[in-house]
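Undergrad: Sending over final.csv (CSV, C-alpha atoms).
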chain,number,residue,atom,x,y,z
A,715,MET,CA,-24.9,-33.2,35.9
A,716,LYS,CA,-24.4,-35.0,32.6
A,717,THR,CA,-20.7,-34.0,32.7
A,718,LEU,CA,-20.3,-35.3,36.2
A,719,ILE,CA,-22.0,-38.6,35.3
A,720,ASP,CA,-19.9,-39.0,32.2
A,721,LYS,CA,-16.8,-38.4,34.2
A,722,ASN,CA,-17.8,-41.0,36.8
A,723,LYS,CA,-18.7,-43.6,34.1
A,724,ALA,CA,-15.2,-43.1,32.6
A,725,PHE,CA,-13.6,-43.5,36.0
A,726,THR,CA,-15.6,-46.6,36.8
A,727,ARG,CA,-14.7,-48.1,33.5
A,728,SER,CA,-11.0,-47.5,34.3
A,729,ILE,CA,-11.4,-49.4,37.6
A,730,TYR,CA,-12.8,-52.4,35.7
A,731,SER,CA,-10.2,-52.2,33.0
A,732,GLY,CA,-7.4,-52.1,35.5
A,733,SER,CA,-6.1,-48.6,34.6
A,734,ALA,CA,-7.5,-46.7,37.6
A,735,GLU,CA,-5.0,-45.3,40.0
A,736,ARG,CA,-7.3,-45.2,43.0
A,737,HIS,CA,-10.3,-46.9,44.5
A,738,GLY,CA,-14.0,-45.8,44.1
A,739,PHE,CA,-16.2,-44.3,46.8
A,740,VAL,CA,-19.9,-44.3,46.3
A,741,CYS,CA,-22.6,-42.9,48.6
A,742,HIS,CA,-26.2,-44.3,48.4
A,743,PRO,CA,-29.0,-42.3,49.9
A,744,GLN,CA,-31.9,-43.9,51.8
A,745,GLN,CA,-34.2,-45.7,49.4
A,746,ILE,CA,-37.8,-46.6,49.4
A,747,PRO,CA,-37.7,-50.4,50.1
A,748,VAL,CA,-39.4,-53.0,48.0
A,749,TYR,CA,-41.9,-54.0,50.7
A,750,GLU,CA,-43.1,-50.4,51.4
A,751,LYS,CA,-45.0,-50.2,48.1
A,752,GLY,CA,-45.1,-53.9,47.6
A,753,ASP,CA,-43.3,-56.0,45.0
A,754,TYR,CA,-44.6,-55.0,41.6
A,755,THR,CA,-44.2,-58.6,40.3
A,756,LEU,CA,-46.7,-59.9,42.8
A,757,SER,CA,-49.5,-57.4,42.2
A,758,ASP,CA,-52.4,-57.2,39.7
A,759,LYS,CA,-52.3,-53.4,39.8
A,760,PRO,CA,-51.0,-51.6,36.7
A,761,VAL,CA,-47.2,-51.5,36.6
A,762,LYS,CA,-47.2,-47.8,36.1
A,763,GLU,CA,-48.1,-47.4,39.8
A,764,TRP,CA,-44.5,-48.3,40.6
A,765,VAL,CA,-42.9,-45.8,38.3
A,766,PRO,CA,-43.0,-43.0,40.9
A,767,VAL,CA,-41.2,-45.2,43.4
A,768,VAL,CA,-38.3,-46.0,41.0
A,769,VAL,CA,-38.1,-42.4,39.9
A,770,GLU,CA,-38.0,-41.1,43.4
A,771,ASN,CA,-35.2,-43.5,44.4
A,772,PHE,CA,-33.3,-42.5,41.2
A,773,ARG,CA,-33.7,-38.8,41.9
A,774,ARG,CA,-32.5,-39.2,45.5
A,775,LYS,CA,-29.3,-40.7,44.0
A,776,ALA,CA,-28.9,-37.9,41.5
A,777,ALA,CA,-29.4,-35.3,44.2
A,778,MET,CA,-26.8,-37.0,46.4
A,779,LEU,CA,-24.3,-37.1,43.5
A,780,GLU,CA,-24.8,-33.4,42.7
A,781,LYS,CA,-24.1,-32.4,46.3
A,782,LEU,CA,-21.3,-34.8,47.1
A,783,GLU,CA,-19.6,-35.3,43.8
A,784,ASP,CA,-18.6,-38.8,44.8
A,785,ASP,CA,-17.9,-41.6,42.3
A,786,SER,CA,-21.5,-42.7,41.8
A,787,VAL,CA,-23.6,-42.9,38.7
A,788,PRO,CA,-27.4,-42.8,39.5
A,789,VAL,CA,-29.2,-46.0,38.7
A,790,ALA,CA,-32.9,-46.5,38.4
A,791,SER,CA,-33.3,-49.9,40.2
A,792,LEU,CA,-36.0,-52.4,39.2
A,793,MET,CA,-35.3,-54.4,42.3
A,794,THR,CA,-37.6,-57.1,43.4
A,795,GLY,CA,-37.5,-59.7,46.2
A,796,THR,CA,-35.4,-62.8,45.9
A,797,GLN,CA,-38.6,-64.8,45.0
A,798,LEU,CA,-38.8,-63.7,41.4
A,799,PHE,CA,-37.5,-66.6,39.4
A,800,ALA,CA,-38.9,-69.2,41.8
A,801,GLN,CA,-42.2,-67.4,41.4
A,802,ALA,CA,-41.9,-67.7,37.7
A,803,PHE,CA,-41.8,-71.5,38.1
A,804,GLY,CA,-45.0,-71.5,40.1
A,805,CYS,CA,-43.9,-71.1,43.8
A,806,GLU,CA,-46.3,-69.4,46.1
A,807,VAL,CA,-44.9,-66.3,47.7
A,808,HIS,CA,-45.1,-65.2,51.3
A,809,THR,CA,-45.2,-61.4,51.9
A,810,TYR,CA,-44.3,-59.4,55.0
A,811,LYS,CA,-45.2,-55.9,56.2
A,812,ASP,CA,-41.6,-55.0,57.0
A,813,ASN,CA,-39.4,-57.2,54.9
A,814,ASN,CA,-39.1,-58.4,51.3
A,815,PRO,CA,-41.2,-61.3,50.1
A,816,CYS,CA,-39.9,-64.9,49.9
A,817,ALA,CA,-40.8,-67.9,47.8
A,818,LEU,CA,-42.3,-71.0,49.4
A,819,PRO,CA,-41.1,-74.5,48.3
A,820,LEU,CA,-43.1,-76.0,45.4
A,821,VAL,CA,-41.7,-79.6,45.5
A,822,ASN,CA,-40.5,-82.0,48.2
A,823,ASN,CA,-38.8,-84.8,46.3
A,824,ALA,CA,-37.0,-85.8,43.1
A,825,ALA,CA,-40.2,-87.1,41.4
A,826,GLU,CA,-42.0,-83.8,42.0
A,827,ALA,CA,-39.0,-81.8,40.9
A,828,ASP,CA,-38.9,-83.6,37.6
A,829,GLN,CA,-42.5,-82.5,37.0
A,830,VAL,CA,-41.5,-78.8,37.1
A,831,GLU,CA,-41.5,-77.4,33.6
A,832,LEU,CA,-39.3,-74.6,32.2
A,833,PRO,CA,-41.5,-71.5,31.8
A,834,ASP,CA,-41.9,-69.7,28.6
A,835,LEU,CA,-40.3,-66.3,29.2
A,836,TRP,CA,-42.9,-64.5,27.1
A,837,LYS,CA,-45.8,-66.1,28.9
A,838,THR,CA,-44.6,-65.6,32.5
A,839,GLY,CA,-46.4,-62.6,33.9
A,840,CYS,CA,-44.0,-61.7,36.8
A,841,LEU,CA,-41.0,-61.5,34.4
A,842,GLN,CA,-43.0,-59.6,31.8
A,843,ARG,CA,-43.8,-57.0,34.5
A,844,VAL,CA,-40.0,-56.4,34.9
A,845,PHE,CA,-39.7,-55.6,31.2
A,846,GLU,CA,-42.8,-53.3,31.4
A,847,LEU,CA,-41.5,-51.4,34.4
A,848,GLY,CA,-38.2,-50.8,32.7
A,849,GLU,CA,-39.9,-49.4,29.6
A,850,LEU,CA,-42.1,-47.1,31.6
A,851,VAL,CA,-39.1,-45.8,33.7
A,852,LEU,CA,-37.1,-45.0,30.7
A,853,LYS,CA,-40.0,-43.1,29.2
A,854,GLU,CA,-40.2,-41.0,32.4
A,855,LEU,CA,-36.4,-40.5,32.9
A,856,GLY,CA,-35.1,-40.7,29.4
A,857,PRO,CA,-33.5,-43.5,27.3
A,858,GLU,CA,-30.0,-42.7,28.4
A,859,THR,CA,-30.9,-43.4,32.1
A,860,ALA,CA,-29.0,-46.3,33.6
A,861,LEU,CA,-31.3,-49.1,34.7
A,862,GLY,CA,-30.6,-51.5,37.6
A,863,PRO,CA,-31.7,-55.1,37.4
A,864,CYS,CA,-34.3,-57.1,39.3
A,865,ASP,CA,-33.0,-59.6,41.8
A,866,LEU,CA,-30.9,-62.2,40.1
A,867,GLN,CA,-30.3,-65.6,41.7
A,868,SER,CA,-28.1,-68.3,40.2
A,869,GLY,CA,-30.0,-71.3,38.8
A,870,PHE,CA,-29.0,-73.5,41.7
A,871,ASP,CA,-30.1,-70.8,44.2
A,872,THR,CA,-33.5,-70.6,42.5
A,873,ALA,CA,-33.7,-74.5,42.6
A,874,SER,CA,-33.0,-74.3,46.3
A,875,LEU,CA,-36.1,-72.1,46.7
A,876,ILE,CA,-38.3,-74.3,44.6
A,877,TRP,CA,-37.3,-77.6,46.2
A,878,ASN,CA,-37.7,-78.0,49.9
A,879,LYS,CA,-34.1,-77.5,51.0
A,880,GLU,CA,-33.9,-80.3,53.5
A,881,ASP,CA,-34.8,-82.8,50.8
A,882,LEU,CA,-32.8,-81.0,48.1
A,883,LEU,CA,-29.6,-81.3,50.1
A,884,CYS,CA,-30.1,-85.0,50.7
A,885,SER,CA,-31.0,-85.5,47.1
A,886,MET,CA,-27.7,-84.0,46.0
A,887,VAL,CA,-26.3,-87.4,47.3
A,888,LEU,CA,-29.2,-89.7,46.7
A,889,GLU,CA,-30.8,-88.2,43.5
A,890,PRO,CA,-28.0,-86.0,42.0
A,891,GLU,CA,-29.3,-86.1,38.4
A,892,ALA,CA,-32.7,-84.8,39.5
A,893,VAL,CA,-31.1,-81.9,41.3
A,894,LYS,CA,-29.1,-81.1,38.2
A,895,ARG,CA,-32.1,-81.3,35.9
A,896,LEU,CA,-34.1,-78.8,38.0
A,897,SER,CA,-31.0,-76.5,38.5
A,898,TRP,CA,-30.5,-76.6,34.7
A,899,LYS,CA,-34.1,-75.5,34.1
A,900,CYS,CA,-33.6,-72.6,36.5
A,901,ALA,CA,-30.3,-71.6,34.9
A,902,GLN,CA,-31.8,-71.8,31.5
A,903,LEU,CA,-34.7,-69.4,32.4
A,904,LEU,CA,-32.2,-67.0,33.9
A,905,LYS,CA,-30.1,-67.1,30.8
A,906,ASN,CA,-33.1,-66.7,28.5
A,907,PHE,CA,-34.2,-63.7,30.6
A,908,LEU,CA,-30.8,-62.1,30.6
A,909,ILE,CA,-30.3,-62.4,26.9
A,910,GLU,CA,-33.6,-60.6,26.2
A,911,PHE,CA,-33.4,-58.1,29.0
A,912,ARG,CA,-29.9,-56.9,28.1
A,913,LYS,CA,-31.0,-56.7,24.5
A,914,GLU,CA,-34.1,-54.6,25.4
A,915,PHE,CA,-32.2,-52.3,27.8
A,916,PRO,CA,-28.7,-51.5,26.6
A,917,THR,CA,-28.2,-49.0,29.5
A,918,LEU,CA,-28.6,-51.8,32.0
A,919,SER,CA,-26.1,-51.7,34.8
A,920,PRO,CA,-25.4,-55.4,35.6
A,921,CYS,CA,-24.5,-55.0,39.2
A,922,HIS,CA,-27.3,-56.7,41.2
A,923,CYS,CA,-25.8,-56.1,44.6
A,924,PRO,CA,-24.7,-53.7,46.0
A,925,GLY,CA,-26.3,-51.8,43.1
A,926,CYS,CA,-23.4,-49.5,42.2
A,927,TRP,CA,-23.2,-48.6,38.5
A,928,THR,CA,-21.2,-51.1,36.4
A,929,PRO,CA,-20.5,-50.7,32.7
A,930,PRO,CA,-23.4,-52.3,30.6
A,931,GLU,CA,-20.9,-54.1,28.4
A,932,LEU,CA,-19.8,-56.3,31.2
A,933,GLY,CA,-21.4,-59.6,32.0
A,934,PRO,CA,-24.4,-60.2,34.4
A,935,TRP,CA,-24.0,-60.1,38.2
A,936,LEU,CA,-25.9,-62.5,40.3
A,937,SER,CA,-26.4,-63.9,43.8
A,938,ASN,CA,-24.5,-67.1,44.6
A,939,ASP,CA,-25.3,-67.9,48.2
A,940,GLU,CA,-26.2,-71.6,48.5
A,941,CYS,CA,-22.5,-72.4,47.8
A,942,GLY,CA,-21.9,-72.0,51.5
A,943,THR,CA,-24.0,-75.2,52.2
A,944,MET,CA,-21.8,-77.6,50.3
A,945,SER,CA,-18.2,-78.9,49.8
A,946,SER,CA,-16.1,-77.5,47.1
A,947,GLU,CA,-16.4,-80.9,45.2
A,948,MET,CA,-20.2,-80.6,45.3
A,949,PHE,CA,-20.0,-76.9,44.2
A,950,GLU,CA,-18.0,-77.8,41.2
A,951,GLU,CA,-20.4,-80.6,40.3
A,952,PHE,CA,-23.7,-78.8,40.8
A,953,CYS,CA,-23.0,-75.0,40.5
A,954,LEU,CA,-19.8,-74.2,38.7
A,955,PRO,CA,-20.9,-75.4,35.2
A,956,GLU,CA,-23.8,-72.9,35.2
A,957,LEU,CA,-21.5,-70.0,36.3
A,958,ILE,CA,-19.0,-70.9,33.6
A,959,ASP,CA,-21.7,-71.1,31.0
A,960,LEU,CA,-23.1,-67.7,31.9
A,961,SER,CA,-19.6,-66.1,31.8
A,962,GLU,CA,-18.9,-67.7,28.4
A,963,THR,CA,-22.3,-66.6,27.1
A,964,PHE,CA,-22.0,-63.0,28.2
A,965,GLY,CA,-18.2,-62.5,28.3
A,966,GLY,CA,-17.9,-62.3,32.1
A,967,LEU,CA,-19.6,-62.6,35.4
A,968,GLY,CA,-20.0,-60.6,38.6
A,969,MET,CA,-21.1,-62.2,41.9
A,970,HIS,CA,-22.7,-61.3,45.2
A,971,CYS,CA,-22.1,-63.8,47.9
A,972,CYS,CA,-23.3,-63.5,51.5
A,973,ALA,CA,-22.6,-67.1,52.5
A,974,ASP,CA,-19.7,-68.5,54.6
A,975,ALA,CA,-18.0,-69.7,51.4
A,976,GLU,CA,-14.3,-69.0,51.7
A,977,HIS,CA,-13.7,-72.7,50.9
A,978,GLN,CA,-15.2,-72.0,47.4
A,979,PHE,CA,-12.8,-69.2,46.6
A,980,PRO,CA,-10.4,-71.5,44.6
A,981,SER,CA,-13.4,-72.7,42.6
A,982,PHE,CA,-14.6,-69.1,41.9
A,983,LYS,CA,-11.2,-68.6,40.2
A,984,LYS,CA,-12.3,-71.1,37.6
A,985,ILE,CA,-15.0,-68.8,36.3
A,986,PRO,CA,-13.6,-67.1,33.2
A,987,ASN,CA,-13.5,-63.3,33.4
A,988,PHE,CA,-14.8,-63.2,37.0
A,989,TYR,CA,-14.7,-59.5,37.0
A,990,GLY,CA,-16.6,-58.2,40.1
A,991,PHE,CA,-17.2,-59.5,43.6
A,992,ASN,CA,-19.5,-58.3,46.4
A,993,ARG,CA,-18.5,-60.3,49.4
A,994,VAL,CA,-20.5,-59.9,52.6
A,995,GLN,CA,-18.4,-60.4,55.8
A,996,ASP,CA,-18.4,-63.8,57.4
A,997,LYS,CA,-16.8,-65.1,60.5
A,998,HIS,CA,-13.3,-64.5,59.1
A,999,GLY,CA,-13.9,-61.0,58.0
A,1000,TYR,CA,-12.8,-59.5,54.7
A,1001,LEU,CA,-9.0,-60.1,54.8
A,1002,PRO,CA,-9.3,-63.6,53.2
A,1003,LEU,CA,-10.3,-61.7,50.0
A,1004,LEU,CA,-6.7,-60.5,49.7
A,1005,GLU,CA,-5.4,-64.1,49.9
A,1006,HIS,CA,-7.4,-65.2,46.9
A,1007,PHE,CA,-8.4,-62.2,44.8
A,1008,ALA,CA,-5.8,-59.5,44.9
A,1009,GLY,CA,-3.5,-57.8,42.5
A,1010,LYS,CA,-3.6,-57.6,38.7
A,1011,GLY,CA,-6.3,-59.7,37.1
A,1012,SER,CA,-8.4,-60.1,40.3
A,1013,PRO,CA,-12.1,-59.1,40.3
A,1014,VAL,CA,-13.0,-55.6,41.4
A,1015,HIS,CA,-14.3,-55.8,45.0
A,1016,ALA,CA,-17.6,-53.8,45.2
A,1017,LEU,CA,-18.1,-53.8,49.0
A,1018,ALA,CA,-20.8,-52.4,51.2
A,1019,TRP,CA,-21.7,-52.6,54.9
A,1020,VAL,CA,-18.0,-52.3,55.7
A,1021,SER,CA,-16.7,-50.4,58.7
A,1022,ASP,CA,-14.3,-47.5,58.2
A,1023,GLU,CA,-11.6,-49.4,60.1
A,1024,VAL,CA,-11.9,-52.4,57.8
A,1025,ILE,CA,-11.9,-50.2,54.7
A,1026,GLU,CA,-8.6,-48.7,55.8
A,1027,GLN,CA,-7.2,-52.1,56.6
A,1028,LEU,CA,-8.1,-53.4,53.2
A,1029,ILE,CA,-6.7,-50.4,51.3
A,1030,ARG,CA,-3.4,-50.5,53.3
A,1031,GLN,CA,-2.9,-54.3,53.0
A,1032,ALA,CA,-4.1,-54.9,49.4
A,1033,PRO,CA,-1.4,-55.6,46.9
A,1034,PRO,CA,-0.9,-53.0,44.1
A,1035,GLU,CA,-3.5,-53.0,41.3
A,1036,THR,CA,-6.2,-54.5,43.6
A,1037,ARG,CA,-9.2,-52.3,43.2
A,1038,PHE,CA,-12.2,-51.6,45.4
A,1039,ILE,CA,-15.5,-49.7,45.0
A,1040,PHE,CA,-16.6,-49.0,48.6
A,1041,ASN,CA,-20.3,-48.3,49.0
A,1042,LEU,CA,-21.8,-46.3,51.9
A,1043,GLY,CA,-25.5,-47.1,52.1
A,1044,GLY,CA,-28.5,-45.3,53.4
A,1045,THR,CA,-26.6,-42.1,54.2
A,1046,ASP,CA,-27.5,-38.4,54.1
A,1047,TYR,CA,-25.4,-35.5,52.7
A,1048,GLU,CA,-23.6,-34.6,56.0
A,1049,ALA,CA,-22.6,-38.1,56.9
A,1050,GLY,CA,-21.7,-38.9,53.3
A,1051,ALA,CA,-19.4,-35.8,53.1
A,1052,ARG,CA,-17.6,-36.7,56.3
A,1053,TRP,CA,-17.1,-40.3,55.0
A,1054,LEU,CA,-15.8,-39.2,51.6
A,1055,GLU,CA,-13.3,-36.8,53.2
A,1056,LYS,CA,-12.1,-39.5,55.6
A,1057,MET,CA,-11.8,-42.2,52.8
A,1058,ARG,CA,-10.0,-40.0,50.4
A,1059,ASN,CA,-7.3,-39.2,53.0
A,1060,ILE,CA,-6.4,-42.8,53.7
Could you take the file, read its structure, and then write that structure out as C-alpha cells?
TA:
Amino acid sequence: MKTLIDKNKAFTRSIYSGSAERHGFVCHPQQIPVYEKGDYTLSDKPVKEWVPVVVENFRRKAAMLEKLEDDSVPVASLMTGTQLFAQAFGCEVHTYKDNNPCALPLVNNAAEADQVELPDLWKTGCLQRVFELGELVLKELGPETALGPCDLQSGFDTASLIWNKEDLLCSMVLEPEAVKRLSWKCAQLLKNFLIEFRKEFPTLSPCHCPGCWTPPELGPWLSNDECGTMSSEMFEEFCLPELIDLSETFGGLGMHCCADAEHQFPSFKKIPNFYGFNRVQDKHGYLPLLEHFAGKGSPVHALAWVSDEVIEQLIRQAPPETRFIFNLGGTDYEAGARWLEKMRNI
C-alpha cells in the first residue's frame, strides 16, 4: 500500500508541477457525513469520540485505493460545517438532522459589526478542537498519514455569515470601510489559524474541496463563494486583496467556488500562483473554464460532480498542458472500476 501511495503522490505532484502527461482520476467511497455524528466543534463531548469516524472514513478510502489502484491518496479529513470561523467569532449555530450546521448572523449593521473583536486563536474552543482531533487521528493512524483540513471559508465569506447579508450587501455601498474592517478581522483569523495549523501538521493536504490529496507544500485551498453576489469592481475592492495576501503569505492559493462567478475569472487571474481550482457547474457549464484557465501556467482543475459526457468534452477540447483531476464521489468498487476504465480510454 505504501508503494502505491508514494507512486500516487509523485504523480499528483507531477500534475501540479506541469510535468504530468495525463490527467488524474480519483474515486471517493461513501463517507460518514458530518451531521451523522454531529460536528465535533459544536459539542462538549470529548474530541476522542470523533476519532473512529475520521478513521473509518480514511480506511474506506484506503480500501478503495487498494482495490481500484486509481490516482488517489487516502486523506483523513477533519471536515466541519461551513459555520466554523463564524462560530469562532461568536455566531450561534443552527443544526439539522440531515444536513450540515450553519451559522446564524451575529450583527445587523455597521455599528454592531465594528464591535466584533478578533478572537484569540489559542482561546477559541471550536478551533482548538480541530487541532486536538488532528493530533488524536495521527496517533491512531500514524504520523505519516495525510490529514485533510476543516472547512475553510475566505475572510469575506465568513463576514457574510456573521453580518446579516441583506444589510452587509447594502453596507458595501453605504458603509464600505466597516465591511472591510470586519472582513479583515475574519481574514486575519483564517491566516493565524492556517499558519499554526500547517506548522502543527506538516502532512496536511490543503485541498478543502473536493478533498483530493494535494501536496502539503502548496498553499491553502479555501471556499470563495460570495464573489457571485457582486461586480468584478467590488470583488477587487473587497475580496481580492485578502486572496492575494494569502497567496503571498503561503506561496500560492487553491480555490473552491460554487457561485455563478464567471465574471470574476479575470480577477482570479490576478491571484499570484493560483494553482488549483474546483469549479462547480453554473448555468454556462464547465467549458468557460477553458476560455480563462487553460494551457501552461493555468491552475489544475480538481473537478467533482461532473458527468462522464462533460469530462470527455473537457479532455478533448482542453488545450495541451491543461491538467484535470477528476473526482468520482460516493462510489463503490464496481462503479468505480467501470468509471476508471471508461475515463482512461478517452
Undergrad: Can you build me a table of segment 925-965 of chain A residues sitting at most 6 Å from segment 862-868 of chain A, with the closest atom pair per residue and its distance in Å to one decimal, using only C-alpha atoms, sorted by chain and residue number, as a tab-separated table?
TA:
residue	atom	partner	partner_atom	distance
A:Leu936	CA	A:Leu866	CA	5.0
A:Ser937	CA	A:Gln867	CA	4.7
A:Asn938	CA	A:Ser868	CA	5.8
Undergrad: Could you check which of A:Ser961, A:Gln829, A:Thr838, A:Thr859 is closest to Ala776 of chain A, using only C-alpha atoms?
TA: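 Using only C-alpha atoms, Ala776 of chain A sits closest to A:Thr859.
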Undergrad: Please identify all polymer residues within 9 Å of Cys953 of chain A, counting only C-alpha atoms, omitting same-chain residues fewer than 2 positions from it, and present them as a PyMOL selection string.
TA: chain A and resi 868-870+894+897+941+948-951+955-958
Undergrad: Name the residues in contact with segment 794-808 of chain A at a cut-off of 6 Å, using only C-alpha atoms, excluding same-chain residues fewer than 6 positions from it; report them as a list in words.
TA: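 Those residues are Asn814, Pro815, Cys816, Ala817, Leu818, Leu820, Cys864, Asp865, Thr872 and Ile876 of chain A.
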Undergrad: Atom CA of Pro788 of chain A and atom CA of Pro929 of chain A, how far apart in Å?
TA: 12.5 Å
Undergrad: Of the residues A:Glu1023, A:Leu861, A:Asp881, A:Glu826, which is the one nearest to Pro930 of chain A, using only C-alpha atoms?
TA: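 Using only C-alpha atoms, the shortest distance to Pro930 of chain A belongs to A:Leu861.
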Undergrad: Neighbours of Val1014 of chain A within 9 Å (all atoms listed in the file; same-chain residues fewer than 3 positions away dropped), as a list in words?
TA: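 My reading of the contact set: Ile729, Tyr730, Gly732, Phe988, Tyr989, Gly990, Phe991, Asn992, Phe1007, Ala1008, Gly1011, Thr1036, Arg1037, Phe1038 and Ile1039 of chain A.
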Undergrad: When distances are computed from only C-alpha atoms, which of A:Asn878, A:Thr1045, A:Gln1031, A:Ser945 shows the smallest separation from Ser981 of chain A?
TA: A:Ser945
Undergrad: Please identify all polymer residues lying at most 12 Å from the point (-16.1, -40.1, 50.2) (file coordinates), using all atoms listed in the file, and present the result as a PyMOL selection string.
TA: chain A and resi 737-742+778-779+781-786+1022+1025+1039-1043+1045+1047-1060
Undergrad: Do you have the atom CA of Glu914 of chain A-atom CA of Gly848 of chain A distance handy?
TA: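 These two atoms are separated by 9.2 Å.
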Undergrad: So the first atom is atom CA of Ala824 of chain A and the second is atom CA of Ala892 of chain A; what is the distance between them in Å, to one decimal place?
TA: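 Those two atoms sit 5.7 Å apart.
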Undergrad: What lies within 10 Å of Asp812 of chain A using all atoms listed in the file, ignoring chain neighbours under 5 positions off, as a compact mmCIF listing (two decimals) with C-alpha atoms, keeping the file's coordinate frame?
TA:
# COMPACT_ATOMS: atom_id res chain seq x y z
CA PRO A 747 -37.70 -50.40 50.10
CA VAL A 748 -39.40 -53.00 48.00
CA TYR A 749 -41.90 -54.00 50.70
CA GLU A 750 -43.10 -50.40 51.40
Undergrad: Determine, counting only C-alpha atoms, which protein, DNA and RNA residues have an atom within 9 Å of an atom of Leu832 of chain A; residues of the same chain fewer than 4 positions away are not included. Present the result as a list in words.
TA: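 Within the cut-off, the hits are Phe803, Leu896, Lys899, Cys900, Gln902 and Leu903 of chain A.
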Undergrad: Store the residues of this selection in a file with C-alpha atoms, as a PDB file, keeping the file's coordinate frame.
TA:
ATOM      1  CA  PHE A 803     -41.800 -71.500  38.100  1.00  0.00           C
ATOM      2  CA  LEU A 896     -34.100 -78.800  38.000  1.00  0.00           C
ATOM      3  CA  LYS A 899     -34.100 -75.500  34.100  1.00  0.00           C
ATOM      4  CA  CYS A 900     -33.600 -72.600  36.500  1.00  0.00           C
ATOM      5  CA  GLN A 902     -31.800 -71.800  31.500  1.00  0.00           C
ATOM      6  CA  LEU A 903     -34.700 -69.400  32.400  1.00  0.00           C
TER       7      LEU A 903
END
Undergrad: Closest to Pro980 of chain A among A:His1006, A:His1015, A:His998, A:Lys721, using all atoms listed in the file?
TA: A:His1006
Undergrad: Counting only C-alpha atoms, which residue out of A:Leu1004, A:Val761, A:Leu908, A:Cys972 sits closest to Leu835 of chain A?
TA: A:Leu908
Undergrad: Find the residue from A:Asn771, A:Thr963, A:Ser791, A:Asn823 that sits nearest to Leu883 of chain A; use all atoms listed in the file when measuring.
TA: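 Checking each candidate against Leu883 of chain A, we get A:Asn823 as the closest.
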Undergrad: Determine, counting all atoms listed in the file, every residue of protein, DNA or RNA that lies within 12 Å of (-36.7, -61.9, 25.4) in the file coordinates, then give the result as number ranges by chain.
TA: A: 834-838, 841-842, 844-845, 903-915
